[in-house]
$ cat run-v5.txt   # compact mmCIF, C-alpha atoms
# COMPACT_ATOMS: atom_id res chain seq x y z
CA MET A 1 123.33 93.54 28.70
CA ILE A 2 126.68 95.24 29.34
CA ALA A 3 125.11 98.66 28.85
CA LEU A 4 122.33 97.78 31.31
CA LEU A 5 124.81 96.68 33.99
CA ALA A 6 126.81 99.87 33.49
CA ALA A 7 123.69 101.99 33.90
CA VAL A 8 122.77 100.16 37.12
CA ALA A 9 126.30 100.65 38.46
CA LEU A 10 126.23 104.35 37.70
CA ALA A 11 122.83 104.73 39.30
CA GLY A 12 124.08 103.14 42.52
CA ALA A 13 127.35 105.01 42.68
CA GLN A 14 127.73 107.41 45.59
CA PRO A 15 129.00 110.93 44.93
CA ALA A 16 132.63 111.44 45.89
CA PRO A 17 133.03 113.17 49.25
CA GLN A 18 133.98 116.80 48.98
CA PRO A 19 137.26 117.87 50.58
CA GLN A 20 137.01 120.10 53.62
CA PRO A 21 139.51 122.74 54.80
CA LEU A 22 142.26 121.44 57.06
CA ILE A 23 142.59 124.11 59.73
CA ILE A 24 145.59 123.94 62.04
CA GLY A 25 145.48 127.38 63.61
CA GLU A 26 144.85 131.08 63.31
CA THR A 27 146.87 133.96 61.92
CA VAL A 28 147.05 137.67 62.62
CA THR A 29 148.84 140.15 60.36
CA LEU A 30 150.78 142.82 62.22
CA GLU A 31 153.38 145.41 61.29
CA ALA A 32 156.87 145.63 62.76
CA LEU A 33 159.82 147.63 61.44
CA ASP A 34 157.47 148.98 58.73
CA VAL A 35 156.87 145.49 57.34
CA ARG A 36 153.67 143.47 57.58
CA ARG A 37 154.12 139.94 58.86
CA GLU A 38 152.21 136.95 60.21
CA VAL A 39 151.82 135.95 63.81
CA ASN A 40 150.53 132.37 63.66
CA ILE A 41 148.81 130.61 66.54
CA VAL A 42 148.40 126.84 66.85
CA LEU A 43 146.21 125.83 69.78
CA PRO A 44 146.50 122.56 71.72
CA LEU A 45 144.14 119.71 70.99
CA GLY A 46 141.19 120.03 73.33
CA TYR A 47 141.54 123.80 73.71
CA ALA A 48 137.90 124.39 72.73
CA GLU A 49 136.60 121.43 74.74
CA GLU A 50 138.33 122.43 78.00
CA PRO A 51 137.25 126.03 78.63
CA ASP A 52 138.71 126.12 82.14
CA LYS A 53 142.16 124.86 81.23
CA ARG A 54 145.17 127.09 80.62
CA TRP A 55 148.39 126.38 78.74
CA PRO A 56 151.95 127.68 78.53
CA VAL A 57 152.89 129.60 75.40
CA VAL A 58 155.88 128.81 73.18
CA TYR A 59 156.99 131.70 70.95
CA LEU A 60 158.82 130.34 67.91
CA LEU A 61 160.95 132.80 65.98
CA ASP A 62 161.06 132.39 62.18
CA GLY A 63 157.52 131.09 62.64
CA GLY A 64 155.96 132.03 59.31
CA LEU A 65 153.96 129.53 57.29
CA THR A 66 156.84 129.21 54.82
CA GLN A 67 159.39 129.08 57.64
CA ASP A 68 159.47 126.83 60.73
CA LEU A 69 155.84 126.98 61.89
CA LEU A 70 154.63 123.63 60.57
CA MET A 71 157.76 121.79 61.68
CA GLY A 72 157.69 123.40 65.12
CA ALA A 73 154.00 122.78 65.69
CA GLY A 74 154.36 119.22 64.41
CA LEU A 75 157.27 118.40 66.69
CA GLN A 76 155.47 119.95 69.65
CA ARG A 77 152.41 117.79 68.92
CA TRP A 78 154.60 114.71 68.50
CA ASN A 79 156.29 115.42 71.83
CA THR A 80 152.90 115.76 73.47
CA ILE A 81 151.64 112.48 72.06
CA TRP A 82 154.59 110.67 73.64
CA GLY A 83 154.46 112.63 76.88
CA ARG A 84 157.92 114.01 76.22
CA SER A 85 156.91 117.62 76.87
CA ALA A 86 153.76 119.33 78.04
CA ASP A 87 151.29 120.67 75.52
CA ALA A 88 151.41 124.37 74.76
CA ILE A 89 150.05 127.15 72.62
CA ILE A 90 152.48 127.68 69.72
CA VAL A 91 152.97 131.25 68.49
CA GLY A 92 155.00 131.50 65.30
CA ILE A 93 156.47 134.95 64.68
CA GLU A 94 157.33 135.49 61.03
CA THR A 95 160.60 137.22 60.18
CA LYS A 96 161.14 139.09 56.93
CA ASN A 97 164.73 140.35 57.16
CA ARG A 98 166.39 138.09 59.70
CA GLN A 99 169.65 140.00 60.12
CA ARG A 100 167.81 143.28 60.57
CA GLU A 101 165.25 141.91 62.99
CA LEU A 102 167.22 139.34 64.96
CA LEU A 103 170.74 140.74 65.31
CA ALA A 104 172.24 143.66 67.19
CA PRO A 105 174.45 146.27 65.50
CA THR A 106 177.88 144.99 64.54
CA GLY A 107 181.29 146.63 64.50
CA ASP A 108 182.59 144.05 62.02
CA ALA A 109 183.07 145.80 58.66
CA ALA A 110 182.64 142.56 56.73
CA GLU A 111 179.29 141.87 58.42
CA GLN A 112 178.18 145.45 57.85
CA ALA A 113 178.99 145.17 54.14
CA ARG A 114 177.19 141.86 53.74
CA TRP A 115 174.12 142.77 55.81
CA PRO A 116 173.83 146.58 55.71
CA THR A 117 170.34 146.61 57.26
CA ALA A 118 171.29 144.45 60.27
CA GLY A 119 171.11 145.67 63.84
CA GLU A 120 167.50 146.34 64.93
CA SER A 121 166.99 143.43 67.31
CA ALA A 122 166.18 145.79 70.21
CA THR A 123 163.30 147.33 68.22
CA PHE A 124 162.01 143.89 67.21
CA ARG A 125 162.18 142.71 70.83
CA ALA A 126 160.25 145.77 71.98
CA TRP A 127 157.56 144.98 69.39
CA ILE A 128 157.26 141.42 70.70
CA ALA A 129 157.08 142.69 74.28
CA ASP A 130 154.65 145.55 73.66
CA THR A 131 152.45 144.16 70.88
CA VAL A 132 152.68 140.41 70.34
CA LYS A 133 152.76 139.14 73.92
CA PRO A 134 149.93 141.39 75.17
CA MET A 135 147.77 140.33 72.20
CA ILE A 136 148.35 136.63 72.85
CA GLU A 137 147.80 136.98 76.59
CA ALA A 138 144.53 138.88 76.05
CA ARG A 139 143.09 136.47 73.48
CA TYR A 140 144.17 133.02 74.63
CA ARG A 141 143.98 131.06 77.88
CA HIS A 142 147.61 131.00 79.00
CA ASP A 143 148.93 129.89 82.39
CA GLY A 144 151.42 132.73 82.77
CA ARG A 145 154.42 130.84 81.40
CA ALA A 146 156.02 131.96 78.13
CA PHE A 147 159.05 130.48 76.35
CA LEU A 148 161.16 131.84 73.50
CA ILE A 149 162.83 129.51 70.99
CA GLY A 150 165.09 130.32 68.06
CA GLU A 151 167.89 128.87 65.95
CA SER A 152 170.95 130.42 64.28
CA ALA A 153 170.37 134.21 64.04
CA ALA A 154 167.15 133.68 65.98
CA GLY A 155 169.21 131.80 68.55
CA HIS A 156 171.40 134.88 68.93
CA PHE A 157 168.22 136.89 69.49
CA VAL A 158 167.18 134.41 72.19
CA VAL A 159 170.50 134.71 74.03
CA GLU A 160 170.45 138.49 73.68
CA THR A 161 166.91 138.64 75.08
CA TRP A 162 167.89 136.33 77.94
CA THR A 163 170.82 138.66 78.62
CA GLU A 164 169.14 142.05 78.17
CA ALA A 165 165.51 141.41 79.18
CA PRO A 166 165.45 138.07 81.03
CA GLY A 167 162.08 138.65 82.67
CA LEU A 168 160.29 138.82 79.34
CA PHE A 169 160.01 135.02 79.17
CA SER A 170 159.91 132.14 81.65
CA GLY A 171 162.51 130.13 79.77
CA TYR A 172 164.64 130.20 76.65
CA ALA A 173 166.08 127.86 74.03
CA ALA A 174 168.90 128.93 71.68
CA ILE A 175 169.73 126.22 69.17
CA SER A 176 173.07 126.77 67.40
CA PRO A 177 173.00 130.51 68.12
CA SER A 178 175.12 132.71 65.83
CA LEU A 179 177.43 133.84 68.61
CA GLN A 180 180.15 134.80 66.14
CA TRP A 181 178.20 137.99 65.34
CA ASP A 182 179.99 141.28 66.05
CA PHE A 183 183.24 139.59 67.06
CA ALA A 184 181.23 137.38 69.46
CA ALA A 185 180.36 140.47 71.52
CA LEU A 186 177.31 138.85 73.11
CA SER A 187 179.43 136.11 74.69
CA ARG A 188 181.73 138.73 76.22
CA LYS A 189 179.09 140.69 78.12
CA PRO A 190 179.34 140.32 81.90
CA LEU A 191 176.33 138.47 83.26
CA GLY A 192 176.75 139.38 86.91
CA THR A 193 175.80 136.98 89.67
CA ALA A 194 172.00 137.03 89.44
CA ASN A 195 170.35 133.96 87.98
CA ARG A 196 168.09 134.30 84.97
CA PRO A 197 165.29 131.99 83.75
CA PRO A 198 166.36 128.54 82.54
CA ILE A 199 168.04 128.40 79.14
CA TYR A 200 168.68 125.52 76.75
CA LEU A 201 171.80 125.95 74.63
CA SER A 202 173.21 123.74 71.90
CA LEU A 203 176.08 123.59 69.46
CA ALA A 204 176.38 121.64 66.21
CA ASP A 205 179.27 121.62 63.73
CA GLU A 206 179.60 125.42 63.49
CA GLY A 207 183.16 125.57 64.81
CA GLY A 208 185.31 128.69 64.70
CA ALA A 209 184.09 131.88 66.36
CA THR A 210 180.61 130.45 66.88
CA GLU A 211 181.98 127.57 68.94
CA ALA A 212 184.40 129.83 70.81
CA GLY A 213 181.54 132.17 71.65
CA MET A 214 179.46 129.35 73.05
CA MET A 215 182.32 128.05 75.19
CA ARG A 216 182.92 131.56 76.52
CA LEU A 217 179.24 132.06 77.29
CA LEU A 218 179.12 128.80 79.23
CA GLU A 219 182.09 129.86 81.31
CA MET A 220 180.39 133.15 82.18
CA LEU A 221 177.12 131.66 83.42
CA PRO A 222 176.46 132.62 87.05
CA LYS A 223 176.84 129.96 89.68
CA GLY A 224 173.51 128.23 90.23
CA GLN A 225 172.11 129.30 86.83
CA ALA A 226 169.62 126.75 85.44
CA TYR A 227 170.77 125.66 82.00
CA CYS A 228 171.26 122.69 79.73
CA PHE A 229 174.04 122.61 77.14
CA SER A 230 173.64 119.92 74.50
CA ASP A 231 176.94 119.36 72.69
CA ARG A 232 176.27 117.87 69.24
CA ARG A 233 179.40 119.03 67.44
CA LYS A 234 180.16 115.50 66.23
CA GLU A 235 176.58 114.57 65.33
CA LEU A 236 174.67 117.47 63.81
CA LEU A 237 175.21 120.05 61.11
CA HIS A 238 174.02 123.61 61.41
CA ALA A 239 171.31 122.74 58.88
CA THR A 240 170.03 119.78 60.91
CA ALA A 241 170.24 121.29 64.39
CA LEU A 242 166.76 122.78 64.67
CA HIS A 243 164.64 119.78 63.77
CA GLY A 244 167.08 117.49 65.56
CA LEU A 245 167.05 119.36 68.87
CA LEU A 246 163.73 121.18 69.11
CA PRO A 247 162.05 118.14 70.73
CA GLU A 248 164.82 118.04 73.34
CA ALA A 249 164.62 121.79 73.97
CA LEU A 250 160.86 121.46 74.57
CA GLN A 251 161.52 118.52 76.90
CA TYR A 252 163.84 120.71 78.96
CA LEU A 253 161.54 123.74 79.10
CA LEU A 254 158.23 121.86 79.50
CA PRO A 255 159.00 118.63 81.38
CA THR A 256 156.23 116.19 82.14
CA GLY A 257 157.95 114.12 84.80
CA ALA A 258 157.13 110.92 82.89
CA ASP A 259 159.31 108.07 84.14
CA TYR A 260 159.37 106.05 80.91
CA LEU A 261 161.00 108.54 78.52
CA ALA A 262 164.47 106.97 78.61
CA ASP A 263 162.95 103.62 77.63
CA TYR A 264 161.90 105.18 74.32
CA GLY A 265 165.17 107.00 73.75
CA PHE A 266 163.81 110.39 74.81
CA THR A 267 166.84 111.33 76.83
CA LEU A 268 167.63 114.91 77.70
CA ARG A 269 171.30 115.21 76.85
CA CYS A 270 172.97 117.93 78.84
CA GLU A 271 176.74 117.60 78.57
CA GLN A 272 176.79 120.54 80.95
CA ARG A 273 173.95 121.38 83.27
CA GLY A 274 173.32 123.83 86.08
CA GLY A 275 170.64 124.94 88.46

$ encode --input "run-v5.txt" --output "C-alpha cells"
Amino acid sequence: MIALLAAVALAGAQPAPQPQPLIIGETVTLEALDVRREVNIVLPLGYAEEPDKRWPVVYLLDGGLTQDLLMGAGLQRWNTIWGRSADAIIVGIETKNRQRELLAPTGDAAEQARWPTAGESATFRAWIADTVKPMIEARYRHDGRAFLIGESAAGHFVVETWTEAPGLFSGYAAISPSLQWDFAALSRKPLGTANRPPIYLSLADEGGATEAGMMRLLEMLPKGQAYCFSDRRKELLHATALHGLLPEALQYLLPTGADYLADYGFTLRCEQRGG
C-alpha cells in the first residue's frame, strides 16, 4: 500500500522549474591605456516599453562588475522607487589600475615610489570623452544630460574633470575625493570667476591633507557656483562614504521635486550650498 501511494505521488509530481538567466544590463569590452576593460550599461525599467522616452546618463567610475556597479545600480533603482532621484541610464566604467587611470602626475616622491605608474588621468579622460560617451550617446536614448560620479581616487578624477573639462558633463559628484594627492595641488588651482556645472562634494573622516584640500577647494569656488557640500566628518568613515552618500548625490544631481522626501528622511544635507 505504501509503495502504491509513493508511485501515485511520483506520477503526479510536477517537474521543478528550470532557472532562467537574471539579466540586469549589457556590457561592452573596450581598450584604454592598453588594457581591456568593461563598460557596463544598466537601463531603466521600462526602457524597452517606452520607445519615445529619453533618460539622463550617470557615468559611474570604478563601475566594473566586481567593483561598484551592482551597488550603484541598486541604489539608483532604490532612489527611483522612492522618488528620491530621477531614473537614469547607469554606465559603469571599469578601472584596472586606479592610480594610473584616475590621478594626475604627482611631485610627491613618496607617492611616486608607492604608485610608480600613476599619473595618466588626462589620457583616461580623453578616452571617456572620445570613445565611451560617443558610444553611449549613439546606442542609447539619452536626453542630453550626463553626470560623472566617483569616490576616493575616482573622486579626485571627478574634481579634476570638473576643473579641467567642465563641459564634458552636466553635473558632477565627488564623494570623499583624494585631494591630498600631489601636495593637494588640485585644490590650489585657480578656478577663475566663471561658473561650472553643479558639483556635489563630501567629506568623511579622512582628516589631514585630504580635509585641508577640501576646505581650500570650497573657499576657491566662484561666487554663484552651484554646489552642495555634505560634511560627514563625524558620521562616516572613508570606507562607508560611497554607499552612504551616493543616494544623496543622485538626489542633488537628479532631483524629482517630490514634496514628501523629508517625511521619509530623504533630506539633502548641504552644510554649505551655492548657486

$ atom_distance --input "run-v5.txt" --atom1 "atom CA of Gly107 of chain A" --atom2 "atom CA of Gly207 of chain A"
21.1 Å

$ closest_residue --input "run-v5.txt" --among "A:Leu218, A:Val39, A:Ala249, A:Ile90" --to "Leu65 of chain A" --atoms "only C-alpha atoms"
A:Val39

$ atom_distance --input "run-v5.txt" --atom1 "atom CA of Thr27 of chain A" --atom2 "atom CA of Asn40 of chain A"
4.4 Å

$ atom_distance --input "run-v5.txt" --atom1 "atom CA of Trp55 of chain A" --atom2 "atom CA of Arg84 of chain A"
15.8 Å

$ residues_around --input "run-v5.txt" --residues "segment 11-25 of chain A" --least-positions-apart "6" --cutoff "8 Å" --atoms "only C-alpha atoms" --output "list in words"
Asn40, Ile41, Val42 and Leu43 of chain A

$ decode --input "run-v5.txt" --residues "segment 79-196 of chain A" --atoms "C-alpha atoms" --output "short mmCIF file (atom, residue, chain, number, x, y, z; two decimals), in the first residue's frame"
data_model
loop_
_atom_site.label_atom_id
_atom_site.label_comp_id
_atom_site.auth_asym_id
_atom_site.auth_seq_id
_atom_site.Cartn_x
_atom_site.Cartn_y
_atom_site.Cartn_z
CA ASN A 79 16.17 56.02 -5.18
CA THR A 80 13.85 55.81 -8.17
CA ILE A 81 11.37 53.57 -6.37
CA TRP A 82 11.04 56.17 -3.61
CA GLY A 83 11.04 59.14 -5.97
CA ARG A 84 14.23 60.44 -4.39
CA SER A 85 16.01 60.93 -7.72
CA ALA A 86 15.02 60.60 -11.34
CA ASP A 87 15.66 57.37 -13.19
CA ALA A 88 18.71 57.21 -15.40
CA ILE A 89 20.86 55.03 -17.59
CA ILE A 90 23.79 53.79 -15.49
CA VAL A 91 27.15 53.38 -17.23
CA GLY A 92 29.78 51.66 -15.11
CA ILE A 93 33.34 52.26 -16.29
CA GLU A 94 35.72 49.60 -15.02
CA THR A 95 39.13 50.67 -13.76
CA LYS A 96 42.13 48.36 -13.73
CA ASN A 97 44.93 50.47 -12.23
CA ARG A 98 43.17 53.21 -10.31
CA GLN A 99 46.17 55.40 -9.54
CA ARG A 100 47.34 55.27 -13.14
CA GLU A 101 43.92 55.94 -14.63
CA LEU A 102 42.34 58.30 -12.12
CA LEU A 103 45.15 60.50 -10.81
CA ALA A 104 47.32 63.21 -12.34
CA PRO A 105 51.13 63.15 -12.14
CA THR A 106 52.50 63.85 -8.68
CA GLY A 107 55.58 65.68 -7.49
CA ASP A 108 55.47 63.87 -4.14
CA ALA A 109 58.39 61.42 -4.05
CA ALA A 110 56.61 59.15 -1.57
CA GLU A 111 53.55 58.89 -3.84
CA GLN A 112 55.77 58.28 -6.86
CA ALA A 113 57.55 55.44 -5.05
CA ARG A 114 54.33 53.82 -3.89
CA TRP A 115 52.43 54.21 -7.17
CA PRO A 116 55.06 54.43 -9.93
CA THR A 117 52.51 54.06 -12.75
CA ALA A 118 50.23 56.87 -11.52
CA GLY A 119 49.53 60.00 -13.50
CA GLU A 120 47.57 59.25 -16.69
CA SER A 121 44.20 60.70 -15.75
CA ALA A 122 44.25 63.09 -18.74
CA THR A 123 44.59 60.15 -21.15
CA PHE A 124 41.82 58.23 -19.38
CA ARG A 125 39.55 61.29 -19.51
CA ALA A 126 40.22 61.70 -23.22
CA TRP A 127 39.24 58.06 -23.75
CA ILE A 128 35.96 58.61 -21.90
CA ALA A 129 35.29 61.76 -23.92
CA ASP A 130 36.27 60.38 -27.33
CA THR A 131 35.20 56.74 -27.06
CA VAL A 132 32.84 55.94 -24.19
CA LYS A 133 30.48 58.91 -24.31
CA PRO A 134 30.02 58.87 -28.11
CA MET A 135 29.30 55.12 -27.98
CA ILE A 136 26.68 55.52 -25.26
CA GLU A 137 25.07 58.52 -26.95
CA ALA A 138 24.87 56.68 -30.29
CA ARG A 139 23.39 53.46 -28.87
CA TYR A 140 21.01 54.58 -26.13
CA ARG A 141 18.15 57.05 -25.86
CA HIS A 142 19.65 59.80 -23.71
CA ASP A 143 18.17 63.23 -23.04
CA GLY A 144 21.44 65.13 -23.40
CA ARG A 145 22.30 65.19 -19.70
CA ALA A 146 25.35 63.29 -18.44
CA PHE A 147 26.69 63.07 -14.88
CA LEU A 148 30.03 61.81 -13.56
CA ILE A 149 30.31 60.18 -10.12
CA GLY A 150 33.36 58.86 -8.31
CA GLU A 151 34.74 58.24 -4.83
CA SER A 152 38.24 58.48 -3.34
CA ALA A 153 40.76 58.45 -6.25
CA ALA A 154 37.79 58.48 -8.61
CA GLY A 155 36.51 61.49 -6.69
CA HIS A 156 39.79 63.25 -7.42
CA PHE A 157 39.25 62.41 -11.09
CA VAL A 158 35.76 63.93 -10.88
CA VAL A 159 37.05 67.19 -9.39
CA GLU A 160 39.90 67.31 -11.89
CA THR A 161 37.47 66.80 -14.78
CA TRP A 162 35.16 69.47 -13.37
CA THR A 163 38.18 71.78 -13.18
CA GLU A 164 39.89 70.97 -16.50
CA ALA A 165 36.99 69.98 -18.79
CA PRO A 166 33.78 71.15 -17.09
CA GLY A 167 31.65 70.98 -20.23
CA LEU A 168 32.17 67.24 -20.59
CA PHE A 169 29.34 66.51 -18.14
CA SER A 170 26.17 68.26 -16.97
CA GLY A 171 26.94 67.67 -13.30
CA TYR A 172 29.47 66.03 -11.02
CA ALA A 173 29.66 64.20 -7.69
CA ALA A 174 32.96 63.69 -5.85
CA ILE A 175 32.50 61.61 -2.72
CA SER A 176 35.48 61.79 -0.33
CA PRO A 177 37.85 62.82 -3.13
CA SER A 178 41.56 62.14 -2.55
CA LEU A 179 42.50 65.81 -2.57
CA GLN A 180 45.72 65.13 -0.68
CA TRP A 181 47.29 63.86 -3.93
CA ASP A 182 50.36 65.75 -5.17
CA PHE A 183 50.51 68.01 -2.12
CA ALA A 184 46.81 68.84 -2.67
CA ALA A 185 47.71 70.55 -5.94
CA LEU A 186 44.19 70.23 -7.35
CA SER A 187 42.73 72.31 -4.52
CA ARG A 188 45.26 75.07 -5.20
CA LYS A 189 44.43 75.65 -8.86
CA PRO A 190 42.73 78.99 -9.53
CA LEU A 191 39.17 78.47 -10.69
CA GLY A 192 38.54 81.93 -12.08
CA THR A 193 35.14 83.56 -11.88
CA ALA A 194 33.16 81.50 -14.41
CA ASN A 195 30.65 79.07 -13.01
CA ARG A 196 30.88 75.39 -13.89
#
